[in-house]
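Chemist: Structure below; questions to follow.
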Protein chains: 2
Amino acid sequence: MGNRAISQAVIGRLPRYYRYLGELLESGVERISSNALSKRMKVTASQIRQDLNNFGGFGQQGYGYNVKYLYTEIGKILGLEQKHHIVIIGAGNLGQALANYTAFEKRGFILKGIFDVDPALEGRKIRGVPIRMMSELKDFLSENHIEIAVLTIPKTHAGEVARKLVDNGVKAIWNFAHTDLNLPEHIVVENVHLSESLMRLSYNIARYEEKQREKKE
Amino acid sequence: MGNRAISQAVIGRLPRYYRYLGELLESGVERISSNALSKRMKVTASQIRQDLNNFGGFGQQGYGYNVKYLYTEIGKILGLEQKHHIVIIGAGNLGQALANYTAFEKRGFILKGIFDVDPALEGRKIRGVPIRMMSELKDFLSENHIEIAVLTIPKTHAGEVARKLVDNGVKAIWNFAHTDLNLPEHIVVENVHLSESLMRLSYNIARYEEKQREKKE
């Protein structure tokens, strides 16, 4: 499928379409009109038609979208048909939370290893995967084909550990450390900066309160 | 400070500026030029000048920006000078990870309560805050002034719990449940959809591999 012409903005919205289509599938819905999808997703029907027309031939006038077909095609574009082997670096609460999240496995992200520096955690298993010590990481990476590393360690060591991962063949990093990683350009990095998300929340509260004060004046 | 004219795009970038300025402060840097900040943040110096000129009077030609002043002013805009009382709903791994994250407290987000449905967790303390049962939530909210609720529960109950929170005075929800909440417009919602983040990662790996194949052809 030639998806080179699809804009980054549309790509950015695909995961949300995928989530909604998955929910529709789960509840047994086979077809949905752009209007009905528009109501659920709270975006305009014309936006939905524009976005989904990028893939061509999904929507049929008067018949709506075939949910399963659309779900599968978007899944392919998002690379979810492939299996990815992942390791989690940092077995604290957040690392354990992610290790326990089985929905990732369903989408092809297979947990192969968990690493930490705390000897008290050594050998403990999460979903059958033992926690290993960081000293074993290099050998583990050379013996296993690991594509993605999830980084849930403090920012002080994140840069150094990320370089080590990349030097040993990891291609992509899902970064929860509160810092930006300076890695070669061909490495895929997806940042989850929770503190920035919390600041956006805080900003929106402040804005709302300002508006309320303006109304009173 | 009249910040009504600042565009949403600039606002969206402020948390990142705030993080970098905070790091500079921690390492004792008092002044920084837009060029030096540009190198650290990997955005163009002209973007930085455009963004920061919105606040007026920060940059002085040849002298660079006063880090502390800029940090403080951006913090005010982001509403970080105010204290916010928060509760965490869901004391699983993710809820516990967030409860343990002391940096939030430093930015004015004060943890007042943690709630769960699992009786095995009742009374256990995280940073001195006891885990309470969901049956106590309503009374707790009426006795305490809680502005923000962090939602780290499965999507099946998220909607119902969110409505209960809002009905009892909560103004903002930091939503980690894998669903969108349908709440009144005046409620501030900040979503952290981790599965969507992972799909973006997956998409970028697929795109990179496609490029590599194209090169070989």
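Convention: chains lettered A, B, ... in structure tokens order; per-chain residue numbering from 1; ligands numbered from 1 as shown.
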Wanna dump the chain A-chain B contacts at 8 Å for me, each residue with its shortest atom pair and the distance in Å to one decimal, counting only C-alpha atoms, ordered by chain and number, as a Markdown table?
Modeler:
| residue | atom | partner | partner_atom | distance |
| --- | --- | --- | --- | --- |
| A:Gly12 | CA | B:Arg200 | CA | 7.4 |
| A:Pro15 | CA | B:Glu196 | CA | 5.2 |
| A:Arg16 | CA | B:Glu196 | CA | 6.8 |
| A:Ile77 | CA | B:Tyr203 | CA | 6.8 |
| A:Leu78 | CA | B:Tyr203 | CA | 4.3 |
| A:Gly79 | CA | B:Tyr203 | CA | 5.3 |
| A:Leu80 | CA | B:Ser202 | CA | 6.8 |
| A:Gly92 | CA | B:Ala97 | CA | 7.6 |
| A:Asn93 | CA | B:Ala97 | CA | 4.7 |
| A:Leu94 | CA | B:Ala97 | CA | 5.3 |
| A:Gln96 | CA | B:Asn93 | CA | 6.5 |
| A:Ala97 | CA | B:Asn93 | CA | 4.7 |
| A:Phe104 | CA | B:Ser195 | CA | 7.3 |
| A:Lys171 | CA | B:Ile205 | CA | 7.9 |
| A:Ala172 | CA | B:Ile205 | CA | 7.2 |
| A:Trp174 | CA | B:Leu201 | CA | 7.3 |
| A:His186 | CA | B:Tyr208 | CA | 7.7 |
| A:Val188 | CA | B:Asn204 | CA | 6.5 |
| A:Val189 | CA | B:Leu201 | CA | 7.1 |
| A:Glu190 | CA | B:Leu201 | CA | 5.7 |
| A:Val192 | CA | B:Ser197 | CA | 7.6 |
| A:Ser195 | CA | B:Phe104 | CA | 7.3 |
| A:Glu196 | CA | B:Pro15 | CA | 5.2 |
| A:Ser197 | CA | B:Glu190 | CA | 7.1 |
| A:Leu198 | CA | B:Trp174 | CA | 7.5 |
| A:Met199 | CA | B:Pro15 | CA | 6.2 |
| A:Arg200 | CA | B:Leu78 | CA | 7.2 |
| A:Leu201 | CA | B:Glu190 | CA | 5.7 |
| A:Ser202 | CA | B:Gly79 | CA | 5.6 |
| A:Tyr203 | CA | B:Leu78 | CA | 4.3 |
| A:Asn204 | CA | B:Val188 | CA | 6.5 |
| A:Ile205 | CA | B:Val188 | CA | 6.6 |
| A:Ala206 | CA | B:Gly79 | CA | 5.3 |
| A:Tyr208 | CA | B:His186 | CA | 7.7 |
Chemist: Just write the chosen residues, C-alpha atoms, as a JSON list (two decimals), in the first residue's frame.
Modeler:
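Resulting contents of out-v2.json:
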[["chain", "number", "residue", "atom", "x", "y", "z"],
["A", 12, "GLY", "CA", -0.93, 11.20, 14.07],
["A", 15, "PRO", "CA", -3.87, 5.39, 16.51],
["A", 16, "ARG", "CA", -7.08, 6.98, 17.75],
["A", 77, "ILE", "CA", 0.04, 1.01, 8.19],
["A", 78, "LEU", "CA", 0.89, 1.35, 11.87],
["A", 79, "GLY", "CA", 3.17, -1.69, 11.60],
["A", 80, "LEU", "CA", 1.06, -3.70, 14.07],
["A", 92, "GLY", "CA", 10.30, 0.00, 39.32],
["A", 93, "ASN", "CA", 6.57, 0.61, 39.58],
["A", 94, "LEU", "CA", 6.28, 2.06, 36.10],
["A", 96, "GLN", "CA", 6.29, -3.31, 36.25],
["A", 97, "ALA", "CA", 3.06, -1.61, 35.24],
["A", 104, "PHE", "CA", 0.73, -4.60, 24.32],
["A", 171, "LYS", "CA", 16.47, 0.26, 16.95],
["A", 172, "ALA", "CA", 13.79, 2.08, 18.89],
["A", 174, "TRP", "CA", 10.10, 4.20, 24.19],
["A", 186, "HIS", "CA", 18.06, 6.56, 12.47],
["A", 188, "VAL", "CA", 13.27, 5.83, 16.54],
["A", 189, "VAL", "CA", 12.49, 7.55, 19.83],
["A", 190, "GLU", "CA", 8.99, 8.02, 21.22],
["A", 192, "VAL", "CA", 6.34, 9.97, 27.10],
["A", 195, "SER", "CA", 5.60, 15.89, 33.76],
["A", 196, "GLU", "CA", 4.92, 17.85, 30.56],
["A", 197, "SER", "CA", 1.50, 16.28, 30.32],
["A", 198, "LEU", "CA", 0.79, 17.35, 33.89],
["A", 199, "MET", "CA", 1.90, 20.90, 33.05],
["A", 200, "ARG", "CA", -0.56, 21.05, 30.16],
["A", 201, "LEU", "CA", -3.25, 20.00, 32.62],
["A", 202, "SER", "CA", -2.15, 22.68, 35.05],
["A", 203, "TYR", "CA", -2.10, 25.30, 32.28],
["A", 204, "ASN", "CA", -5.63, 24.45, 31.24],
["A", 205, "ILE", "CA", -6.87, 24.72, 34.83],
["A", 206, "ALA", "CA", -5.22, 28.14, 35.13],
["A", 208, "TYR", "CA", -10.20, 28.07, 32.93]]
Chemist: Please run DSSP on the backbone and report, as a PDB file with N, CA and C atoms, in the first residue's frame, all residues within region 7-166 of chain B that come out as alpha helix (DSSP H).
Modeler:
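Saved file out_0.pdb follows:
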ATOM      1  N   GLN B   8      -1.680  28.469  20.746  1.00  0.00           N
ATOM      2  CA  GLN B   8      -1.687  27.133  21.334  1.00  0.00           C
ATOM      3  C   GLN B   8      -0.395  26.376  21.010  1.00  0.00           C
ATOM      4  N   ALA B   9       0.152  26.638  19.839  1.00  0.00           N
ATOM      5  CA  ALA B   9       1.390  25.946  19.455  1.00  0.00           C
ATOM      6  C   ALA B   9       2.517  26.317  20.412  1.00  0.00           C
ATOM      7  N   VAL B  10       2.604  27.615  20.731  1.00  0.00           N
ATOM      8  CA  VAL B  10       3.649  28.063  21.670  1.00  0.00           C
ATOM      9  C   VAL B  10       3.392  27.467  23.056  1.00  0.00           C
ATOM     10  N   ILE B  11       2.144  27.549  23.491  1.00  0.00           N
ATOM     11  CA  ILE B  11       1.760  26.978  24.788  1.00  0.00           C
ATOM     12  C   ILE B  11       2.191  25.510  24.864  1.00  0.00           C
ATOM     13  N   GLY B  12       1.941  24.809  23.782  1.00  0.00           N
ATOM     14  CA  GLY B  12       2.295  23.395  23.736  1.00  0.00           C
ATOM     15  C   GLY B  12       3.787  23.151  23.926  1.00  0.00           C
ATOM     16  N   ARG B  13       4.595  24.147  23.539  1.00  0.00           N
ATOM     17  CA  ARG B  13       6.042  23.979  23.683  1.00  0.00           C
ATOM     18  C   ARG B  13       6.572  24.439  25.041  1.00  0.00           C
ATOM     19  N   LEU B  14       5.758  25.189  25.800  1.00  0.00           N
ATOM     20  CA  LEU B  14       6.246  25.756  27.066  1.00  0.00           C
ATOM     21  C   LEU B  14       6.729  24.697  28.070  1.00  0.00           C
ATOM     22  N   PRO B  15       6.011  23.567  28.243  1.00  0.00           N
ATOM     23  CA  PRO B  15       6.499  22.588  29.212  1.00  0.00           C
ATOM     24  C   PRO B  15       7.933  22.113  28.907  1.00  0.00           C
ATOM     25  N   ARG B  16       8.246  22.019  27.622  1.00  0.00           N
ATOM     26  CA  ARG B  16       9.599  21.572  27.276  1.00  0.00           C
ATOM     27  C   ARG B  16      10.618  22.668  27.617  1.00  0.00           C
ATOM     28  N   TYR B  17      10.288  23.916  27.289  1.00  0.00           N
ATOM     29  CA  TYR B  17      11.169  25.008  27.714  1.00  0.00           C
ATOM     30  C   TYR B  17      11.359  24.968  29.223  1.00  0.00           C
ATOM     31  N   TYR B  18      10.270  24.787  29.920  1.00  0.00           N
ATOM     32  CA  TYR B  18      10.314  24.795  31.390  1.00  0.00           C
ATOM     33  C   TYR B  18      11.249  23.692  31.907  1.00  0.00           C
ATOM     34  N   ARG B  19      11.162  22.520  31.295  1.00  0.00           N
ATOM     35  CA  ARG B  19      12.027  21.407  31.710  1.00  0.00           C
ATOM     36  C   ARG B  19      13.502  21.739  31.461  1.00  0.00           C
ATOM     37  N   TYR B  20      13.806  22.280  30.271  1.00  0.00           N
ATOM     38  CA  TYR B  20      15.202  22.600  29.966  1.00  0.00           C
ATOM     39  C   TYR B  20      15.727  23.711  30.868  1.00  0.00           C
ATOM     40  N   LEU B  21      14.892  24.729  31.092  1.00  0.00           N
ATOM     41  CA  LEU B  21      15.336  25.834  31.951  1.00  0.00           C
ATOM     42  C   LEU B  21      15.566  25.321  33.373  1.00  0.00           C
ATOM     43  N   GLY B  22      14.715  24.414  33.833  1.00  0.00           N
ATOM     44  CA  GLY B  22      14.893  23.812  35.152  1.00  0.00           C
ATOM     45  C   GLY B  22      16.216  23.059  35.261  1.00  0.00           C
ATOM     46  N   GLU B  23      16.565  22.334  34.192  1.00  0.00           N
ATOM     47  CA  GLU B  23      17.838  21.611  34.193  1.00  0.00           C
ATOM     48  C   GLU B  23      19.023  22.577  34.214  1.00  0.00           C
ATOM     49  N   LEU B  24      18.890  23.675  33.452  1.00  0.00           N
ATOM     50  CA  LEU B  24      19.957  24.686  33.444  1.00  0.00           C
ATOM     51  C   LEU B  24      20.136  25.275  34.835  1.00  0.00           C
ATOM     52  N   LEU B  25      19.023  25.616  35.476  1.00  0.00           N
ATOM     53  CA  LEU B  25      19.056  26.157  36.838  1.00  0.00           C
ATOM     54  C   LEU B  25      19.768  25.202  37.784  1.00  0.00           C
ATOM     55  N   GLU B  26      19.375  23.928  37.706  1.00  0.00           N
ATOM     56  CA  GLU B  26      19.983  22.915  38.572  1.00  0.00           C
ATOM     57  C   GLU B  26      21.492  22.844  38.393  1.00  0.00           C
ATOM     58  N   SER B  34      20.050  32.336  22.863  1.00  0.00           N
ATOM     59  CA  SER B  34      19.116  31.506  22.094  1.00  0.00           C
ATOM     60  C   SER B  34      19.885  30.462  21.287  1.00  0.00           C
ATOM     61  N   ASN B  35      21.119  30.795  20.854  1.00  0.00           N
ATOM     62  CA  ASN B  35      21.907  29.811  20.108  1.00  0.00           C
ATOM     63  C   ASN B  35      22.279  28.599  20.958  1.00  0.00           C
ATOM     64  N   ALA B  36      22.712  28.861  22.193  1.00  0.00           N
ATOM     65  CA  ALA B  36      23.102  27.753  23.069  1.00  0.00           C
ATOM     66  C   ALA B  36      21.885  26.908  23.438  1.00  0.00           C
ATOM     67  N   LEU B  37      20.768  27.594  23.708  1.00  0.00           N
ATOM     68  CA  LEU B  37      19.542  26.865  24.044  1.00  0.00           C
ATOM     69  C   LEU B  37      19.079  26.046  22.833  1.00  0.00           C
ATOM     70  N   SER B  38      19.255  26.629  21.658  1.00  0.00           N
ATOM     71  CA  SER B  38      18.898  25.960  20.403  1.00  0.00           C
ATOM     72  C   SER B  38      19.651  24.640  20.254  1.00  0.00           C
ATOM     73  N   LYS B  39      20.944  24.656  20.548  1.00  0.00           N
ATOM     74  CA  LYS B  39      21.736  23.426  20.430  1.00  0.00           C
ATOM     75  C   LYS B  39      21.271  22.365  21.405  1.00  0.00           C
ATOM     76  N   ARG B  40      20.995  22.780  22.631  1.00  0.00           N
ATOM     77  CA  ARG B  40      20.541  21.811  23.646  1.00  0.00           C
ATOM     78  C   ARG B  40      19.194  21.214  23.283  1.00  0.00           C
ATOM     79  N   MET B  41      18.273  22.085  22.838  1.00  0.00           N
ATOM     80  CA  MET B  41      16.896  21.644  22.647  1.00  0.00           C
ATOM     81  C   MET B  41      16.629  21.105  21.253  1.00  0.00           C
ATOM     82  N   ALA B  45      17.315  28.430  16.610  1.00  0.00           N
ATOM     83  CA  ALA B  45      17.413  29.600  17.485  1.00  0.00           C
ATOM     84  C   ALA B  45      16.308  30.601  17.150  1.00  0.00           C
ATOM     85  N   SER B  46      15.924  30.656  15.887  1.00  0.00           N
ATOM     86  CA  SER B  46      14.894  31.639  15.517  1.00  0.00           C
ATOM     87  C   SER B  46      13.533  31.213  16.095  1.00  0.00           C
ATOM     88  N   GLN B  47      13.289  29.909  16.126  1.00  0.00           N
ATOM     89  CA  GLN B  47      12.056  29.417  16.779  1.00  0.00           C
ATOM     90  C   GLN B  47      12.051  29.811  18.255  1.00  0.00           C
ATOM     91  N   ILE B  48      13.183  29.614  18.906  1.00  0.00           N
ATOM     92  CA  ILE B  48      13.279  29.961  20.327  1.00  0.00           C
ATOM     93  C   ILE B  48      13.026  31.452  20.536  1.00  0.00           C
ATOM     94  N   ARG B  49      13.662  32.284  19.686  1.00  0.00           N
ATOM     95  CA  ARG B  49      13.475  33.728  19.837  1.00  0.00           C
ATOM     96  C   ARG B  49      12.013  34.096  19.616  1.00  0.00           C
ATOM     97  N   GLN B  50      11.415  33.518  18.578  1.00  0.00           N
ATOM     98  CA  GLN B  50       9.996  33.803  18.313  1.00  0.00           C
ATOM     99  C   GLN B  50       9.113  33.402  19.491  1.00  0.00           C
ATOM    100  N   ASP B  51       9.358  32.189  20.008  1.00  0.00           N
ATOM    101  CA  ASP B  51       8.531  31.693  21.107  1.00  0.00           C
ATOM    102  C   ASP B  51       8.686  32.567  22.347  1.00  0.00           C
ATOM    103  N   LEU B  52       9.931  32.837  22.705  1.00  0.00           N
ATOM    104  CA  LEU B  52      10.170  33.503  23.979  1.00  0.00           C
ATOM    105  C   LEU B  52       9.891  35.004  23.901  1.00  0.00           C
ATOM    106  N   ASN B  53       9.923  35.553  22.671  1.00  0.00           N
ATOM    107  CA  ASN B  53       9.574  36.968  22.535  1.00  0.00           C
ATOM    108  C   ASN B  53       8.110  37.230  22.858  1.00  0.00           C
ATOM    109  N   VAL B  67      17.915  32.900  32.954  1.00  0.00           N
ATOM    110  CA  VAL B  67      17.302  31.571  33.084  1.00  0.00           C
ATOM    111  C   VAL B  67      16.251  31.535  34.188  1.00  0.00           C
ATOM    112  N   LYS B  68      16.601  32.075  35.342  1.00  0.00           N
ATOM    113  CA  LYS B  68      15.691  31.985  36.478  1.00  0.00           C
ATOM    114  C   LYS B  68      14.396  32.781  36.237  1.00  0.00           C
ATOM    115  N   TYR B  69      14.577  33.979  35.665  1.00  0.00           N
ATOM    116  CA  TYR B  69      13.415  34.829  35.387  1.00  0.00           C
ATOM    117  C   TYR B  69      12.461  34.126  34.419  1.00  0.00           C
ATOM    118  N   LEU B  70      13.060  33.592  33.340  1.00  0.00           N
ATOM    119  CA  LEU B  70      12.269  32.918  32.314  1.00  0.00           C
ATOM    120  C   LEU B  70      11.565  31.686  32.894  1.00  0.00           C
ATOM    121  N   TYR B  71      12.312  30.932  33.691  1.00  0.00           N
ATOM    122  CA  TYR B  71      11.763  29.730  34.342  1.00  0.00           C
ATOM    123  C   TYR B  71      10.558  30.088  35.207  1.00  0.00           C
ATOM    124  N   THR B  72      10.723  31.151  35.997  1.00  0.00           N
ATOM    125  CA  THR B  72       9.647  31.571  36.897  1.00  0.00           C
ATOM    126  C   THR B  72       8.426  32.052  36.120  1.00  0.00           C
ATOM    127  N   GLU B  73       8.672  32.870  35.084  1.00  0.00           N
ATOM    128  CA  GLU B  73       7.546  33.417  34.319  1.00  0.00           C
ATOM    129  C   GLU B  73       6.781  32.314  33.588  1.00  0.00           C
ATOM    130  N   ILE B  74       7.522  31.387  32.990  1.00  0.00           N
ATOM    131  CA  ILE B  74       6.845  30.290  32.283  1.00  0.00           C
ATOM    132  C   ILE B  74       6.086  29.430  33.289  1.00  0.00           C
ATOM    133  N   GLY B  75       6.684  29.215  34.455  1.00  0.00           N
ATOM    134  CA  GLY B  75       6.002  28.481  35.518  1.00  0.00           C
ATOM    135  C   GLY B  75       4.673  29.133  35.894  1.00  0.00           C
ATOM    136  N   LYS B  76       4.674  30.473  35.966  1.00  0.00           N
ATOM    137  CA  LYS B  76       3.422  31.190  36.297  1.00  0.00           C
ATOM    138  C   LYS B  76       2.374  30.950  35.219  1.00  0.00           C
ATOM    139  N   ILE B  77       2.795  31.068  33.961  1.00  0.00           N
ATOM    140  CA  ILE B  77       1.850  30.878  32.852  1.00  0.00           C
ATOM    141  C   ILE B  77       1.262  29.469  32.893  1.00  0.00           C
ATOM    142  N   ASN B  93       0.007  -0.879  39.730  1.00  0.00           N
ATOM    143  CA  ASN B  93       1.399  -0.486  39.501  1.00  0.00           C
ATOM    144  C   ASN B  93       1.534   0.944  39.003  1.00  0.00           C
ATOM    145  N   LEU B  94       0.690   1.316  38.042  1.00  0.00           N
ATOM    146  CA  LEU B  94       0.809   2.657  37.479  1.00  0.00           C
ATOM    147  C   LEU B  94       0.433   3.715  38.510  1.00  0.00           C
ATOM    148  N   GLY B  95      -0.668   3.487  39.221  1.00  0.00           N
ATOM    149  CA  GLY B  95      -1.083   4.417  40.264  1.00  0.00           C
ATOM    150  C   GLY B  95       0.000   4.578  41.325  1.00  0.00           C
ATOM    151  N   GLN B  96       0.603   3.470  41.713  1.00  0.00           N
ATOM    152  CA  GLN B  96       1.661   3.528  42.719  1.00  0.00           C
ATOM    153  C   GLN B  96       2.899   4.246  42.177  1.00  0.00           C
ATOM    154  N   ALA B  97       3.209   3.994  40.905  1.00  0.00           N
ATOM    155  CA  ALA B  97       4.356   4.683  40.301  1.00  0.00           C
ATOM    156  C   ALA B  97       4.147   6.196  40.363  1.00  0.00           C
ATOM    157  N   LEU B  98       2.947   6.645  40.009  1.00  0.00           N
ATOM    158  CA  LEU B  98       2.665   8.080  40.013  1.00  0.00           C
ATOM    159  C   LEU B  98       2.652   8.630  41.435  1.00  0.00           C
ATOM    160  N   ALA B  99       2.105   7.836  42.382  1.00  0.00           N
ATOM    161  CA  ALA B  99       2.063   8.273  43.781  1.00  0.00           C
ATOM    162  C   ALA B  99       3.474   8.450  44.347  1.00  0.00           C
ATOM    163  N   THR B 102       7.955  11.936  43.388  1.00  0.00           N
ATOM    164  CA  THR B 102       8.006  13.130  44.240  1.00  0.00           C
ATOM    165  C   THR B 102       8.150  14.439  43.452  1.00  0.00           C
ATOM    166  N   ALA B 103       8.617  14.340  42.216  1.00  0.00           N
ATOM    167  CA  ALA B 103       8.802  15.569  41.438  1.00  0.00           C
ATOM    168  C   ALA B 103       7.473  16.298  41.237  1.00  0.00           C
ATOM    169  N   PHE B 104       6.366  15.570  41.193  1.00  0.00           N
ATOM    170  CA  PHE B 104       5.062  16.223  41.041  1.00  0.00           C
ATOM    171  C   PHE B 104       4.798  17.141  42.230  1.00  0.00           C
ATOM    172  N   GLU B 105       5.123  16.646  43.417  1.00  0.00           N
ATOM    173  CA  GLU B 105       4.921  17.413  44.648  1.00  0.00           C
ATOM    174  C   GLU B 105       5.695  18.735  44.590  1.00  0.00           C
ATOM    175  N   LYS B 106       6.922  18.648  44.084  1.00  0.00           N
ATOM    176  CA  LYS B 106       7.751  19.849  43.976  1.00  0.00           C
ATOM    177  C   LYS B 106       7.104  20.899  43.088  1.00  0.00           C
ATOM    178  N   LEU B 137     -14.924   7.243  48.665  1.00  0.00           N
ATOM    179  CA  LEU B 137     -14.533   8.358  47.786  1.00  0.00           C
ATOM    180  C   LEU B 137     -15.447   9.573  47.921  1.00  0.00           C
ATOM    181  N   LYS B 138     -16.752   9.328  47.876  1.00  0.00           N
ATOM    182  CA  LYS B 138     -17.697  10.443  47.870  1.00  0.00           C
ATOM    183  C   LYS B 138     -17.542  11.308  49.126  1.00  0.00           C
ATOM    184  N   ASP B 139     -17.516  10.656  50.277  1.00  0.00           N
ATOM    185  CA  ASP B 139     -17.343  11.402  51.530  1.00  0.00           C
ATOM    186  C   ASP B 139     -16.019  12.149  51.548  1.00  0.00           C
ATOM    187  N   PHE B 140     -14.984  11.477  51.082  1.00  0.00           N
ATOM    188  CA  PHE B 140     -13.660  12.097  51.067  1.00  0.00           C
ATOM    189  C   PHE B 140     -13.666  13.374  50.225  1.00  0.00           C
ATOM    190  N   LEU B 141     -14.296  13.307  49.063  1.00  0.00           N
ATOM    191  CA  LEU B 141     -14.324  14.473  48.172  1.00  0.00           C
ATOM    192  C   LEU B 141     -15.139  15.616  48.768  1.00  0.00           C
ATOM    193  N   SER B 142     -16.165  15.278  49.537  1.00  0.00           N
ATOM    194  CA  SER B 142     -16.971  16.347  50.114  1.00  0.00           C
ATOM    195  C   SER B 142     -16.246  17.002  51.291  1.00  0.00           C
ATOM    196  N   GLU B 143     -15.335  16.278  51.907  1.00  0.00           N
ATOM    197  CA  GLU B 143     -14.607  16.819  53.069  1.00  0.00           C
ATOM    198  C   GLU B 143     -13.281  17.468  52.689  1.00  0.00           C
ATOM    199  N   LYS B 155     -10.386   0.677  31.469  1.00  0.00           N
ATOM    200  CA  LYS B 155     -11.327   1.519  30.730  1.00  0.00           C
ATOM    201  C   LYS B 155     -12.788   1.174  31.022  1.00  0.00           C
ATOM    202  N   THR B 156     -13.048  -0.067  31.418  1.00  0.00           N
ATOM    203  CA  THR B 156     -14.438  -0.481  31.644  1.00  0.00           C
ATOM    204  C   THR B 156     -15.140   0.371  32.700  1.00  0.00           C
ATOM    205  N   HIS B 157     -14.414   0.825  33.719  1.00  0.00           N
ATOM    206  CA  HIS B 157     -15.052   1.625  34.762  1.00  0.00           C
ATOM    207  C   HIS B 157     -14.708   3.106  34.698  1.00  0.00           C
ATOM    208  N   ALA B 158     -13.865   3.477  33.754  1.00  0.00           N
ATOM    209  CA  ALA B 158     -13.331   4.839  33.742  1.00  0.00           C
ATOM    210  C   ALA B 158     -14.430   5.891  33.591  1.00  0.00           C
ATOM    211  N   GLY B 159     -15.363   5.663  32.675  1.00  0.00           N
ATOM    212  CA  GLY B 159     -16.398   6.657  32.417  1.00  0.00           C
ATOM    213  C   GLY B 159     -17.255   6.927  33.638  1.00  0.00           C
ATOM    214  N   GLU B 160     -17.695   5.843  34.232  1.00  0.00           N
ATOM    215  CA  GLU B 160     -18.555   5.925  35.416  1.00  0.00           C
ATOM    216  C   GLU B 160     -17.836   6.622  36.598  1.00  0.00           C
ATOM    217  N   VAL B 161     -16.600   6.227  36.842  1.00  0.00           N
ATOM    218  CA  VAL B 161     -15.834   6.832  37.935  1.00  0.00           C
ATOM    219  C   VAL B 161     -15.570   8.315  37.658  1.00  0.00           C
ATOM    220  N   ALA B 162     -15.256   8.632  36.406  1.00  0.00           N
ATOM    221  CA  ALA B 162     -14.991  10.028  36.047  1.00  0.00           C
ATOM    222  C   ALA B 162     -16.216  10.900  36.334  1.00  0.00           C
ATOM    223  N   ARG B 163     -17.393  10.393  35.988  1.00  0.00           N
ATOM    224  CA  ARG B 163     -18.612  11.168  36.235  1.00  0.00           C
ATOM    225  C   ARG B 163     -18.822  11.390  37.735  1.00  0.00           C
ATOM    226  N   LYS B 164     -18.541  10.354  38.513  1.00  0.00           N
ATOM    227  CA  LYS B 164     -18.677  10.463  39.970  1.00  0.00           C
ATOM    228  C   LYS B 164     -17.723  11.531  40.521  1.00  0.00           C
ATOM    229  N   LEU B 165     -16.506  11.537  40.020  1.00  0.00           N
ATOM    230  CA  LEU B 165     -15.521  12.528  40.453  1.00  0.00           C
ATOM    231  C   LEU B 165     -16.005  13.937  40.146  1.00  0.00           C
ATOM    232  N   VAL B 166     -16.479  14.122  38.923  1.00  0.00           N
ATOM    233  CA  VAL B 166     -16.915  15.440  38.479  1.00  0.00           C
ATOM    234  C   VAL B 166     -18.153  15.884  39.259  1.00  0.00           C
TER     235      VAL B 166
END
Chemist: Would you please extract all strand (DSSP E or B) residues from region 52-138 of chain A, as assigned by DSSP on the backbone, and give them as a list in words?
Modeler: Gly59, Gln60, Gly64, Tyr65, Asn66, His84, His85, Ile86, Val87, Ile88, Ile89, Phe109, Ile110, Leu111, Lys112, Gly113, Ile114, Phe115, Asp116, Lys125, Ile126, Val129, Pro130, Ile131, Arg132 and Met133 of chain A
Chemist: Report the distance between CA of Tyr65 (chain B) and CA of Val43 (chain B) in Å, rounded to one decimal place.
Modeler: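 For CA of Tyr65 (chain B) relative to CA of Val43 (chain B), the distance reads 16.1 Å.
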Chemist: Calculate how many Å separate CA of Met134 (chain B) from CA of Glu122 (chain B), rounding to one decimal.
Modeler: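 Between CA of Met134 (chain B) and CA of Glu122 (chain B) the gap works out to 10.0 Å.
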Chemist: If I take CA of Leu183 (chain A) and CA of Asp118 (chain A), how far is one from the other in Å, to one decimal?
Modeler: 26.1 Å
